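Structure file structure_31.cif; described as mmCIF, C-alpha atoms.
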data_data
loop_
_atom_site.label_atom_id
_atom_site.label_comp_id
_atom_site.auth_asym_id
_atom_site.auth_seq_id
_atom_site.Cartn_x
_atom_site.Cartn_y
_atom_site.Cartn_z
CA MET A 1 104.85 -94.24 -36.55
CA LYS A 2 106.75 -94.46 -39.82
CA ILE A 3 110.08 -92.65 -40.07
CA VAL A 4 111.93 -92.59 -43.38
CA LEU A 5 115.67 -91.92 -43.21
CA ILE A 6 117.08 -90.88 -46.59
CA GLY A 7 120.86 -91.15 -46.51
CA ALA A 8 120.91 -94.11 -44.13
CA GLY A 9 124.49 -94.96 -45.16
CA SER A 10 125.70 -92.03 -43.05
CA ALA A 11 128.55 -93.30 -40.89
CA ARG A 12 127.20 -91.92 -37.62
CA PHE A 13 123.61 -90.81 -37.90
CA THR A 14 121.76 -94.09 -38.45
CA GLN A 15 123.23 -95.88 -35.44
CA GLY A 16 122.47 -92.90 -33.20
CA LEU A 17 118.89 -92.63 -34.43
CA VAL A 18 118.23 -96.35 -33.90
CA ALA A 19 119.68 -96.15 -30.39
CA ASP A 20 117.45 -93.19 -29.56
CA LEU A 21 114.37 -94.93 -30.95
CA ILE A 22 115.17 -97.91 -28.73
CA PHE A 23 115.29 -95.66 -25.68
CA SER A 24 112.22 -93.62 -26.70
CA PRO A 25 109.47 -96.26 -26.86
CA GLN A 26 106.80 -93.73 -25.86
CA LEU A 27 106.27 -92.68 -29.50
CA GLY A 28 106.39 -96.20 -30.89
CA PRO A 29 105.98 -98.81 -32.13
CA TYR A 30 108.06 -97.60 -35.05
CA GLU A 31 108.66 -98.50 -38.64
CA LEU A 32 112.08 -97.21 -39.60
CA ALA A 33 112.50 -97.15 -43.37
CA LEU A 34 116.14 -96.90 -44.46
CA VAL A 35 116.99 -95.43 -47.86
CA ASP A 36 120.37 -95.04 -49.53
CA ILE A 37 121.38 -95.10 -53.19
CA ASP A 38 124.54 -97.04 -52.25
CA PRO A 39 123.41 -100.67 -51.78
CA VAL A 40 126.56 -101.62 -49.86
CA ALA A 41 126.20 -98.79 -47.34
CA LEU A 42 122.48 -99.51 -47.06
CA ASP A 43 123.17 -103.18 -46.33
CA VAL A 44 125.53 -102.20 -43.51
CA ALA A 45 123.01 -99.79 -42.01
CA GLU A 46 120.17 -102.32 -42.22
CA LYS A 47 122.18 -105.17 -40.68
CA LEU A 48 123.45 -103.00 -37.84
CA ALA A 49 119.96 -101.64 -37.12
CA ARG A 50 118.52 -105.15 -37.01
CA LYS A 51 121.24 -106.33 -34.64
CA LEU A 52 120.56 -103.43 -32.27
CA ILE A 53 116.83 -104.13 -32.32
CA GLU A 54 117.23 -107.87 -31.83
CA HIS A 55 119.65 -107.25 -28.95
CA THR A 56 117.15 -105.05 -27.11
CA GLY A 57 113.83 -106.48 -28.23
CA ALA A 58 112.62 -102.98 -29.18
CA ALA A 59 109.30 -102.53 -30.98
CA ILE A 60 110.87 -101.31 -34.22
CA THR A 61 110.28 -102.73 -37.70
CA ILE A 62 113.02 -102.17 -40.26
CA THR A 63 112.49 -101.82 -44.00
CA ALA A 64 115.14 -100.84 -46.52
CA SER A 65 115.40 -99.88 -50.19
CA THR A 66 117.59 -97.98 -52.62
CA ASP A 67 114.33 -96.54 -54.03
CA ARG A 68 112.85 -93.91 -51.72
CA LYS A 69 109.59 -93.86 -53.68
CA ALA A 70 108.92 -97.41 -52.49
CA LEU A 71 109.14 -96.42 -48.82
CA LEU A 72 107.81 -92.85 -48.62
CA PRO A 73 104.05 -93.61 -48.61
CA GLY A 74 102.67 -93.45 -45.09
CA ALA A 75 105.64 -91.58 -43.62
CA ARG A 76 105.04 -89.36 -40.61
CA TYR A 77 108.61 -88.02 -40.57
CA VAL A 78 111.16 -87.91 -43.38
CA ILE A 79 114.76 -87.25 -42.34
CA THR A 80 117.48 -86.36 -44.87
CA THR A 81 121.14 -86.95 -44.10
CA ILE A 82 122.43 -87.31 -47.64
CA GLY A 83 125.92 -86.42 -48.83
CA VAL A 84 126.01 -86.45 -52.62
CA GLY A 85 129.33 -87.92 -53.72
CA GLY A 86 130.17 -89.09 -50.20
CA ARG A 87 133.35 -88.39 -48.28
CA ARG A 88 135.56 -88.54 -51.36
CA ALA A 89 133.64 -85.67 -52.99
CA TRP A 90 133.81 -83.75 -49.70
CA GLU A 91 137.59 -84.06 -49.79
CA GLN A 92 137.73 -82.52 -53.25
CA ASP A 93 135.65 -79.57 -52.05
CA VAL A 94 138.56 -78.71 -49.75
CA PHE A 95 141.60 -80.08 -51.61
CA ILE A 96 140.94 -78.24 -54.88
CA PRO A 97 140.75 -74.76 -53.25
CA ARG A 98 143.99 -75.54 -51.38
CA LYS A 99 145.80 -75.50 -54.73
CA TYR A 100 144.67 -71.87 -55.05
CA GLY A 101 145.83 -70.90 -51.55
CA ILE A 102 142.40 -71.21 -49.93
CA PHE A 103 142.25 -73.30 -46.76
CA GLN A 104 139.14 -74.59 -45.00
CA PRO A 105 138.76 -76.71 -41.87
CA VAL A 106 135.33 -78.12 -42.85
CA GLY A 107 134.14 -77.08 -46.31
CA ASP A 108 130.48 -77.98 -45.85
CA SER A 109 128.74 -74.61 -45.43
CA VAL A 110 130.49 -71.57 -46.95
CA MET A 111 133.69 -70.57 -48.76
CA PRO A 112 134.48 -72.44 -52.02
CA GLY A 113 134.05 -75.86 -50.44
CA GLY A 114 130.58 -75.16 -49.10
CA ILE A 115 129.50 -73.46 -52.34
CA SER A 116 130.78 -76.41 -54.40
CA ARG A 117 128.95 -78.83 -52.11
CA ALA A 118 125.72 -76.87 -52.59
CA MET A 119 125.90 -77.25 -56.38
CA ARG A 120 125.48 -81.03 -56.15
CA MET A 121 123.39 -81.15 -52.95
CA ILE A 122 120.61 -78.78 -53.95
CA PRO A 123 119.33 -80.65 -57.04
CA ALA A 124 119.20 -83.87 -55.03
CA MET A 125 117.42 -82.20 -52.11
CA VAL A 126 114.86 -80.63 -54.45
CA ASP A 127 114.14 -84.02 -56.03
CA ILE A 128 113.63 -85.58 -52.59
CA ALA A 129 111.26 -82.80 -51.55
CA LYS A 130 109.18 -83.28 -54.70
CA ASP A 131 108.86 -86.99 -53.96
CA VAL A 132 107.82 -86.28 -50.38
CA GLN A 133 105.18 -83.84 -51.62
CA ALA A 134 103.82 -86.44 -54.04
CA LEU A 135 103.98 -89.57 -51.88
CA ALA A 136 103.85 -88.38 -48.25
CA PRO A 137 102.24 -84.92 -48.42
CA ASP A 138 101.42 -84.82 -44.70
CA ALA A 139 104.91 -85.81 -43.54
CA TYR A 140 107.28 -83.51 -41.69
CA LEU A 141 110.54 -83.08 -43.64
CA PHE A 142 113.60 -82.55 -41.43
CA ASN A 143 117.02 -81.98 -42.98
CA TYR A 144 120.45 -82.53 -41.42
CA SER A 145 122.45 -82.33 -44.66
CA ASN A 146 124.89 -79.48 -45.28
CA PRO A 147 125.12 -76.79 -46.45
CA MET A 148 122.09 -76.38 -44.20
CA THR A 149 121.16 -72.80 -45.06
CA ALA A 150 121.46 -73.19 -48.84
CA ASN A 151 119.73 -76.58 -48.90
CA CYS A 152 116.67 -75.44 -46.95
CA TRP A 153 116.45 -72.13 -48.82
CA ALA A 154 116.63 -73.86 -52.21
CA VAL A 155 114.05 -76.51 -51.36
CA ARG A 156 111.56 -73.91 -50.18
CA GLN A 157 112.18 -71.70 -53.20
CA ALA A 158 111.92 -74.53 -55.73
CA THR A 159 109.06 -76.55 -54.21
CA GLY A 160 107.38 -74.57 -51.43
CA MET A 161 107.97 -77.58 -49.16
CA ASN A 162 107.97 -76.76 -45.45
CA ILE A 163 111.42 -78.19 -44.83
CA VAL A 164 113.01 -77.67 -41.39
CA GLY A 165 116.78 -77.70 -40.88
CA LEU A 166 118.14 -79.29 -37.70
CA CYS A 167 121.72 -79.22 -36.39
CA HIS A 168 123.30 -80.13 -33.07
CA GLY A 169 125.71 -77.15 -33.12
CA ALA A 170 123.73 -74.59 -31.10
CA PHE A 171 122.53 -77.28 -28.71
CA ARG A 172 126.09 -78.41 -27.99
CA VAL A 173 127.53 -74.90 -27.69
CA GLU A 174 124.78 -73.99 -25.23
CA ARG A 175 126.04 -76.88 -23.11
CA ASN A 176 129.65 -75.74 -23.56
CA LEU A 177 128.71 -72.28 -22.28
CA ALA A 178 126.79 -73.72 -19.35
CA ASN A 179 129.83 -75.78 -18.35
CA LEU A 180 132.08 -72.74 -18.56
CA ALA A 181 129.65 -70.73 -16.42
CA GLY A 182 129.64 -73.54 -13.87
CA VAL A 183 125.93 -74.40 -14.01
CA PRO A 184 124.15 -77.65 -14.95
CA GLU A 185 123.70 -78.09 -18.71
CA ASP A 186 120.00 -78.89 -18.48
CA GLU A 187 119.18 -75.83 -16.36
CA VAL A 188 120.10 -73.08 -18.84
CA THR A 189 118.03 -71.26 -21.43
CA SER A 190 119.44 -69.21 -24.26
CA VAL A 191 118.78 -67.07 -27.30
CA ALA A 192 121.00 -67.60 -30.34
CA ILE A 193 120.30 -66.16 -33.79
CA GLY A 194 122.14 -66.34 -37.09
CA LEU A 195 123.02 -68.71 -39.91
CA ASN A 196 123.70 -72.37 -39.34
CA HIS A 197 127.31 -72.66 -38.07
CA LEU A 198 127.37 -68.89 -37.37
CA THR A 199 124.64 -68.50 -34.76
CA PHE A 200 125.30 -65.81 -32.14
CA PHE A 201 124.37 -66.48 -28.51
CA THR A 202 123.13 -63.11 -27.29
CA LYS A 203 121.50 -64.36 -24.07
CA LEU A 204 122.16 -67.15 -21.59
CA TYR A 205 120.26 -67.64 -18.34
CA HIS A 206 120.33 -69.96 -15.36
CA HIS A 207 116.95 -69.92 -13.62
CA GLY A 208 116.51 -66.37 -14.91
CA ARG A 209 119.98 -65.15 -13.87
CA ASP A 210 121.96 -63.51 -16.69
CA LEU A 211 125.11 -65.56 -17.29
CA MET A 212 126.73 -63.30 -19.88
CA PRO A 213 128.76 -61.31 -17.28
CA THR A 214 129.95 -64.63 -15.85
CA LEU A 215 131.07 -65.74 -19.31
CA HIS A 216 133.07 -62.53 -19.79
CA THR A 217 134.82 -63.10 -16.46
CA LYS A 218 135.49 -66.78 -17.16
CA ALA A 219 136.78 -66.10 -20.67
CA ALA A 220 139.10 -63.35 -19.46
CA ALA A 221 140.55 -65.68 -16.83
CA LEU A 222 140.81 -68.57 -19.28
CA PHE A 223 142.83 -66.68 -21.85
CA LYS A 224 144.99 -64.85 -19.31
CA ASP A 225 146.17 -68.18 -17.97
CA PRO A 226 149.85 -68.50 -19.01
CA ALA A 227 149.15 -72.07 -20.10
CA GLN A 228 146.69 -70.72 -22.67
CA GLN A 229 148.69 -67.76 -23.97
CA ASN A 230 149.69 -69.56 -27.18
CA PHE A 231 146.32 -71.28 -27.50
CA PRO A 232 147.74 -74.82 -27.39
CA LEU A 233 144.30 -76.40 -27.82
CA ALA A 234 143.27 -74.27 -30.81
CA GLY A 235 142.80 -76.31 -33.96
CA ASN A 236 142.33 -79.66 -32.22
CA ASN A 237 139.50 -81.64 -33.81
CA PHE A 238 139.19 -83.98 -30.87
CA ASP A 239 139.63 -81.67 -27.89
CA ASP A 240 137.43 -82.14 -24.83
CA HIS A 241 137.65 -78.42 -23.97
CA PRO A 242 136.07 -76.71 -26.98
CA MET A 243 135.91 -73.28 -25.39
CA ALA A 244 139.66 -73.15 -24.76
CA ALA A 245 140.13 -74.36 -28.34
CA SER A 246 138.20 -71.44 -29.87
CA PRO A 247 140.17 -68.21 -29.34
CA PHE A 248 138.73 -66.55 -32.47
CA SER A 249 135.17 -67.14 -31.32
CA TRP A 250 136.04 -65.61 -27.97
CA SER A 251 137.52 -62.58 -29.72
CA LEU A 252 134.14 -62.09 -31.42
CA PHE A 253 132.45 -62.47 -28.05
CA GLU A 254 134.60 -59.67 -26.68
CA ALA A 255 133.90 -57.46 -29.71
CA TYR A 256 130.17 -58.03 -30.08
CA GLY A 257 129.06 -59.31 -26.68
CA ALA A 258 127.73 -62.52 -28.29
CA TYR A 259 129.32 -65.95 -28.62
CA PRO A 260 129.19 -67.64 -32.06
CA SER A 261 128.23 -71.24 -32.57
CA ALA A 262 129.63 -73.65 -33.56
CA ASN A 263 133.10 -72.72 -32.25
CA ASP A 264 136.22 -71.97 -34.30
CA ARG A 265 136.17 -75.03 -36.54
CA HIS A 266 133.07 -73.66 -38.27
CA VAL A 267 133.12 -69.96 -37.37
CA THR A 268 136.49 -69.23 -38.99
CA GLU A 269 135.05 -70.15 -42.40
CA PHE A 270 132.69 -67.16 -42.26
CA PHE A 271 135.65 -64.77 -41.89
CA PRO A 272 138.19 -65.91 -44.53
CA GLU A 273 139.65 -62.40 -44.83
CA ARG A 274 140.91 -62.71 -41.25
CA PHE A 275 142.97 -65.81 -42.03
CA PRO A 276 144.96 -65.14 -45.23
CA GLY A 277 146.59 -68.32 -46.48
CA GLY A 278 144.64 -70.17 -43.80
CA GLN A 279 146.99 -68.94 -41.07
CA TYR A 280 145.38 -69.49 -37.68
CA TYR A 281 147.37 -68.94 -34.47
CA GLY A 282 150.55 -70.39 -35.94
CA ARG A 283 148.81 -73.23 -37.76
CA THR A 284 147.04 -73.71 -41.09
CA LEU A 285 143.27 -74.23 -41.20
CA GLY A 286 142.24 -77.64 -42.42
CA VAL A 287 145.83 -78.93 -42.35
CA ASP A 288 147.22 -78.90 -38.81
CA ALA A 289 144.36 -76.83 -37.37
CA TYR A 290 141.10 -78.76 -37.47
CA SER A 291 142.59 -81.21 -39.94
CA LEU A 292 140.05 -82.20 -42.56
CA GLU A 293 141.95 -85.39 -43.30
CA ASP A 294 141.81 -86.43 -39.64
CA ALA A 295 138.14 -85.54 -39.32
CA ILE A 296 137.10 -87.57 -42.38
CA ARG A 297 139.35 -90.48 -41.46
CA ILE A 298 138.33 -90.73 -37.80
CA TRP A 299 134.72 -89.48 -37.82
CA GLY A 300 133.91 -90.91 -41.25
CA ASP A 301 135.97 -93.75 -42.68
CA GLU A 302 136.92 -95.38 -39.37
CA VAL A 303 133.43 -95.08 -37.90
CA TYR A 304 131.95 -96.57 -41.05
CA GLU A 305 134.44 -99.45 -41.00
CA GLU A 306 133.54 -100.11 -37.35
CA MET A 307 129.85 -100.14 -38.33
CA ARG A 308 130.54 -102.51 -41.22
CA ALA A 309 132.51 -104.94 -39.04
CA GLN A 310 129.77 -105.04 -36.40
CA ALA A 311 127.00 -105.35 -38.97
CA ASN A 312 128.75 -108.33 -40.62
CA GLY A 313 129.54 -110.07 -37.33
CA GLU A 314 133.29 -109.52 -37.59
CA LYS A 315 133.22 -107.63 -34.30
CA PRO A 316 130.82 -107.81 -31.36
CA LEU A 317 128.10 -105.18 -31.10
CA SER A 318 129.48 -102.15 -29.28
CA GLU A 319 127.82 -101.33 -25.98
CA GLU A 320 128.39 -97.67 -26.84
CA LEU A 321 125.62 -97.96 -29.42
CA LEU A 322 123.20 -98.79 -26.64
CA LYS A 323 123.97 -95.64 -24.67
CA ARG A 324 121.90 -92.56 -25.40
CA ARG A 325 123.95 -90.24 -27.60
CA VAL A 326 124.03 -86.54 -26.89
CA GLY A 327 123.49 -84.49 -30.02
CA GLU A 328 121.22 -84.39 -33.02
CA HIS A 329 119.67 -87.82 -32.40
CA GLU A 330 118.50 -86.98 -28.90
CA GLN A 331 117.16 -83.62 -30.06
CA LEU A 332 115.31 -85.21 -32.96
CA LEU A 333 113.32 -87.55 -30.73
CA GLN A 334 112.59 -84.74 -28.29
CA ILE A 335 111.35 -82.55 -31.14
CA MET A 336 109.13 -85.34 -32.45
CA GLN A 337 107.66 -85.92 -28.99
CA SER A 338 107.03 -82.21 -28.49
CA ILE A 339 105.14 -82.11 -31.80
CA GLU A 340 103.16 -85.29 -31.21
CA TRP A 341 102.16 -84.36 -27.65
CA ASP A 342 101.94 -80.60 -28.24
CA GLU A 343 104.47 -79.98 -25.46
CA ARG A 344 105.55 -76.61 -26.93
CA LYS A 345 109.20 -77.05 -26.02
CA ILE A 346 111.85 -74.80 -27.54
CA PHE A 347 114.62 -76.01 -29.87
CA TYR A 348 117.03 -74.45 -32.35
CA ALA A 349 115.97 -74.92 -35.97
CA ASN A 350 116.49 -73.41 -39.42
CA LEU A 351 113.41 -71.73 -40.91
CA PRO A 352 112.66 -68.72 -43.14
CA ASN A 353 112.98 -65.42 -41.30
CA ASP A 354 109.58 -64.00 -42.39
CA GLY A 355 109.97 -61.03 -40.05
CA THR A 356 111.07 -63.08 -37.04
CA ILE A 357 114.27 -61.00 -36.90
CA PRO A 358 113.22 -57.59 -38.29
CA ASN A 359 116.71 -56.33 -39.16
CA LEU A 360 117.53 -59.36 -41.36
CA PRO A 361 116.12 -60.17 -44.85
CA PRO A 362 112.67 -61.77 -44.61
CA ASP A 363 113.35 -64.53 -47.16
CA ALA A 364 116.61 -65.68 -45.58
CA VAL A 365 116.74 -69.07 -43.84
CA LEU A 366 118.00 -68.43 -40.31
CA GLU A 367 118.79 -70.54 -37.27
CA PHE A 368 116.95 -69.41 -34.14
CA PRO A 369 114.74 -70.66 -31.27
CA CYS A 370 111.52 -72.32 -32.38
CA VAL A 371 108.57 -73.88 -30.58
CA ALA A 372 107.82 -77.51 -31.40
CA MET A 373 104.06 -77.95 -31.08
CA ALA A 374 101.14 -79.60 -32.80
CA GLY A 375 101.54 -78.73 -36.46
CA GLY A 376 105.33 -78.50 -36.45
CA LEU A 377 108.05 -76.00 -35.58
CA HIS A 378 107.27 -72.29 -35.35
CA ALA A 379 109.77 -69.44 -35.01
CA ILE A 380 109.80 -67.12 -31.99
CA HIS A 381 109.88 -63.39 -32.79
CA PHE A 382 112.82 -61.31 -31.51
CA ASP A 383 113.05 -57.56 -32.12
CA ASP A 384 116.27 -56.84 -30.23
CA PHE A 385 118.91 -58.59 -32.34
CA PRO A 386 121.89 -56.19 -32.45
CA ASP A 387 122.33 -54.24 -35.68
CA ALA A 388 126.09 -54.85 -35.54
CA LEU A 389 125.54 -58.62 -35.70
CA ALA A 390 122.95 -58.20 -38.43
CA ALA A 391 125.60 -56.38 -40.49
CA VAL A 392 127.96 -59.35 -40.07
CA LEU A 393 125.29 -61.78 -41.27
CA ILE A 394 123.88 -59.85 -44.21
CA ARG A 395 126.90 -60.40 -46.50
CA LYS A 396 126.82 -64.11 -45.77
CA ILE A 397 123.09 -64.21 -46.44
CA ALA A 398 123.72 -62.61 -49.85
CA ALA A 399 126.36 -65.23 -50.69
CA ASN A 400 123.92 -67.99 -49.74
CA GLN A 401 121.23 -66.47 -51.94
CA LEU A 402 123.57 -66.39 -54.93
CA THR A 403 124.66 -69.96 -54.18
CA VAL A 404 121.04 -71.10 -54.26
CA GLU A 405 120.37 -69.33 -57.56
CA ALA A 406 123.52 -70.77 -59.14
CA ALA A 407 122.69 -74.32 -58.04
CA LEU A 408 119.05 -74.17 -59.15
CA THR A 409 119.81 -72.66 -62.56
CA GLY A 410 123.21 -74.20 -63.33
CA SER A 411 124.64 -70.71 -63.87
CA ARG A 412 128.43 -70.62 -64.01
CA GLU A 413 128.32 -66.82 -63.80
CA LEU A 414 126.36 -66.88 -60.53
CA PHE A 415 128.69 -69.59 -59.18
CA THR A 416 131.55 -67.15 -59.72
CA GLU A 417 129.60 -64.30 -58.13
CA ALA A 418 128.86 -66.46 -55.09
CA LEU A 419 132.59 -67.20 -54.72
CA LEU A 420 133.44 -63.50 -54.90
CA ILE A 421 130.76 -62.27 -52.51
CA ASP A 422 131.62 -65.03 -50.03
CA GLY A 423 134.99 -63.29 -49.65
CA ALA A 424 137.51 -66.11 -49.77
CA VAL A 425 138.26 -65.29 -53.43
CA THR A 426 138.82 -61.70 -54.56
CA ASP A 427 140.13 -62.15 -58.11
CA ARG A 428 137.57 -62.95 -60.82
CA ASP A 429 139.98 -64.89 -63.04
CA LEU A 430 141.01 -67.06 -60.11
CA ALA A 431 137.34 -67.53 -59.18
CA ASN A 432 136.54 -68.70 -62.71
CA ARG A 433 139.44 -71.17 -62.75
CA LEU A 434 138.49 -72.52 -59.35
CA ARG A 435 134.85 -72.78 -60.36
CA ASP A 436 135.65 -74.70 -63.55
CA GLU A 437 137.95 -77.15 -61.81
CA MET A 438 135.42 -77.86 -59.07
CA LEU A 439 132.61 -78.32 -61.58
CA GLU A 440 134.67 -80.74 -63.63
CA ALA A 441 135.66 -82.74 -60.54
CA HIS A 442 131.99 -83.22 -59.62
CA ARG A 443 130.58 -83.45 -63.16
CA ALA A 444 128.81 -86.76 -62.50
CA ASN A 445 126.74 -85.21 -59.67
CA LEU A 446 125.85 -81.86 -61.26
CA PRO A 447 122.73 -82.39 -63.40
CA ASN A 448 121.93 -78.67 -63.57
CA PHE A 449 125.38 -77.85 -64.98
CA PHE A 450 125.82 -80.95 -67.13
CA PRO A 451 122.36 -82.12 -68.29
CA ALA A 452 122.12 -85.68 -69.51
CA GLY A 453 122.86 -85.82 -73.23
#
Translate the structure of the given file into structure tokens.
Amino acid sequence: MKIVLIGAGSARFTQGLVADLIFSPQLGPYELALVDIDPVALDVAEKLARKLIEHTGAAITITASTDRKALLPGARYVITTIGVGGRRAWEQDVFIPRKYGIFQPVGDSVMPGGISRAMRMIPAMVDIAKDVQALAPDAYLFNYSNPMTANCWAVRQATGMNIVGLCHGAFRVERNLANLAGVPEDEVTSVAIGLNHLTFFTKLYHHGRDLMPTLHTKAAALFKDPAQQNFPLAGNNFDDHPMAASPFSWSLFEAYGAYPSANDRHVTEFFPERFPGGQYYGRTLGVDAYSLEDAIRIWGDEVYEEMRAQANGEKPLSEELLKRRVGEHEQLLQIMQSIEWDERKIFYANLPNDGTIPNLPPDAVLEFPCVAMAGGLHAIHFDDFPDALAAVLIRKIAANQLTVEAALTGSRELFTEALLIDGAVTDRDLANRLRDEMLEAHRANLPNFFPAG
């Protein structure tokens, strides 16, 4: 089986995928083709992958190239994890809006940071999809790159490619909720519907028993605890108790009867009007609440440096890399197995609505339960999604649609409209200034706004 990973220089994804392939020999032997336009990052990924394979004797062949066209032929699965401009561009997506009083903890999905990211991500994703169509027309295309909703929507609109968006957020929050309810993680089932990073859990069961009343009771007790009154864990990037660290998400649970994934770090960005000046329970979003600088430094730069040192033999190979990682890597292999063996297991994925959720726009890309079976992933129809939650999502869907149109056409006017409808910016002059500064900062990676010549 040939798997092509485009964006192999990702600091965390490649090592997790290789580890999971090692521990999932049932679908192998594998050819893992690594692609990255950065030759230095690609060299690190290739060396580390080879060391892992040599250490375990796994039946995996590694190929690598900066030219995806050389490796796409024969692919069964194509995985995209690209980040156009890398971590330094990501920082600018958040730092530039800060100068205008707009604060984000992540900046990869919505608000000005996510919209700016989409402008440079979408052209690159469309180009990749066109190459997959031409060189590996029977391959499954799975995307992990953010902004998930806008990327998948744009690729489908521009190419018709059957791209599927995958994210570990709903999977992990389901486990968080199971832990809070006091039941084993692998014994729960759930229904969550929404946009990537704002997916509402409306149902949670343990062997058929409704756990939502239990969650209400547990949450009430958790936040009535005097030790939690000031939400001391809120805003902590590296907290081991994510439910106690997400008071805003729990407030939505109390209001709507549904818990939003993926906890406060992401969910707050969909409600910028609730956090003027980024103020969040006595802290500032992205600064001392879910610090972007800490996240990029620890989860990005430091992880990459650790990878580089191990790949070049400056440090011994970490045993942690040989332990099965919980998250997107594990889910990816499970999804592949369910497709290959027609197991018809259920996973969360991002696909076009197409009537799956009747009270949401049919052309919107939504995150919801899907069946992985022979032929790919297929959405499960739900006709009982609450109208109140649909109302919350519809404005965000409209902002995503405008973001897609702006990125595909290079329209500055639609970029501004996307900023305004998103809600973090309410003044058109400010939106125009912010737009222009962000475009100029990323000029080198915006072919639709600054055509060559």
Point to revise | Result set, the PyMOL selection byres ((chain A and resi 36) around 8) on current file, as an NGL selection string | key: :A and (6-9 or 34-35 or 37-39 or 41-42 or 65-68)
Same residues, C-alpha atoms, output as a compact mmCIF listing (two decimals), in the coordinates of the input:
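Saved as out-v1.txt:
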# COMPACT_ATOMS: atom_id res chain seq x y z
CA ILE A 6 117.08 -90.88 -46.59
CA GLY A 7 120.86 -91.15 -46.51
CA ALA A 8 120.91 -94.11 -44.13
CA GLY A 9 124.49 -94.96 -45.16
CA LEU A 34 116.14 -96.90 -44.46
CA VAL A 35 116.99 -95.43 -47.86
CA ILE A 37 121.38 -95.10 -53.19
CA ASP A 38 124.54 -97.04 -52.25
CA PRO A 39 123.41 -100.67 -51.78
CA ALA A 41 126.20 -98.79 -47.34
CA LEU A 42 122.48 -99.51 -47.06
CA SER A 65 115.40 -99.88 -50.19
CA THR A 66 117.59 -97.98 -52.62
CA ASP A 67 114.33 -96.54 -54.03
CA ARG A 68 112.85 -93.91 -51.72
Review point. What do you get, as a VMD selection string, if you spell out every residue that the PyMOL selection byres ((chain A and resi 48-51) around 12) selects here?
Key: chain A and resid 8 to 9 11 to 22 31 to 34 41 to 47 52 to 64 304 to 319 321 to 322
Between stretch 94-132 of chain A and stretch 425-437 of chain A, at 12 Å or less, what are the per-residue closest atom pairs and their distances in Å? Count all atoms listed in the file, order by chain and rising residue number, and return it as a Markdown table.
| residue | atom | partner | partner_atom | distance |
| --- | --- | --- | --- | --- |
| A:Val94 | CA | A:Leu434 | CA | 11.4 |
| A:Phe95 | CA | A:Glu437 | CA | 11.2 |
| A:Ile96 | CA | A:Glu437 | CA | 7.6 |
| A:Pro97 | CA | A:Leu434 | CA | 6.9 |
| A:Arg98 | CA | A:Leu434 | CA | 10.1 |
| A:Lys99 | CA | A:Leu434 | CA | 9.1 |
| A:Tyr100 | CA | A:Leu434 | CA | 7.6 |
| A:Gly101 | CA | A:Val425 | CA | 9.6 |
| A:Ile102 | CA | A:Val425 | CA | 8.0 |
| A:Phe103 | CA | A:Val425 | CA | 11.2 |
| A:Val110 | CA | A:Val425 | CA | 11.9 |
| A:Met111 | CA | A:Val425 | CA | 8.4 |
| A:Pro112 | CA | A:Val425 | CA | 8.2 |
| A:Gly113 | CA | A:Arg435 | CA | 10.4 |
| A:Ile115 | CA | A:Arg435 | CA | 9.7 |
| A:Ser116 | CA | A:Arg435 | CA | 8.1 |
| A:Arg117 | CA | A:Arg435 | CA | 11.8 |
| A:Met119 | CA | A:Arg435 | CA | 10.8 |
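From atom CA of A:Gln401 back to atom CA of A:Ala349, the distance works out to 18.8 Å.
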Practice item. Within 12 Å of A:Asp210, counting only C-alpha atoms, which residues show up once you throw out same-chain ones fewer than 2 positions away? Write them as a ChimeraX atom specification, please. Key: /A:178,181,183,188-191,202-208,212-216
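Closest approach to A:Ala219 from the set A:Ala245, A:Ile79, A:Val40, A:His197 is made by A:Ala245, with distances taken over only C-alpha atoms.
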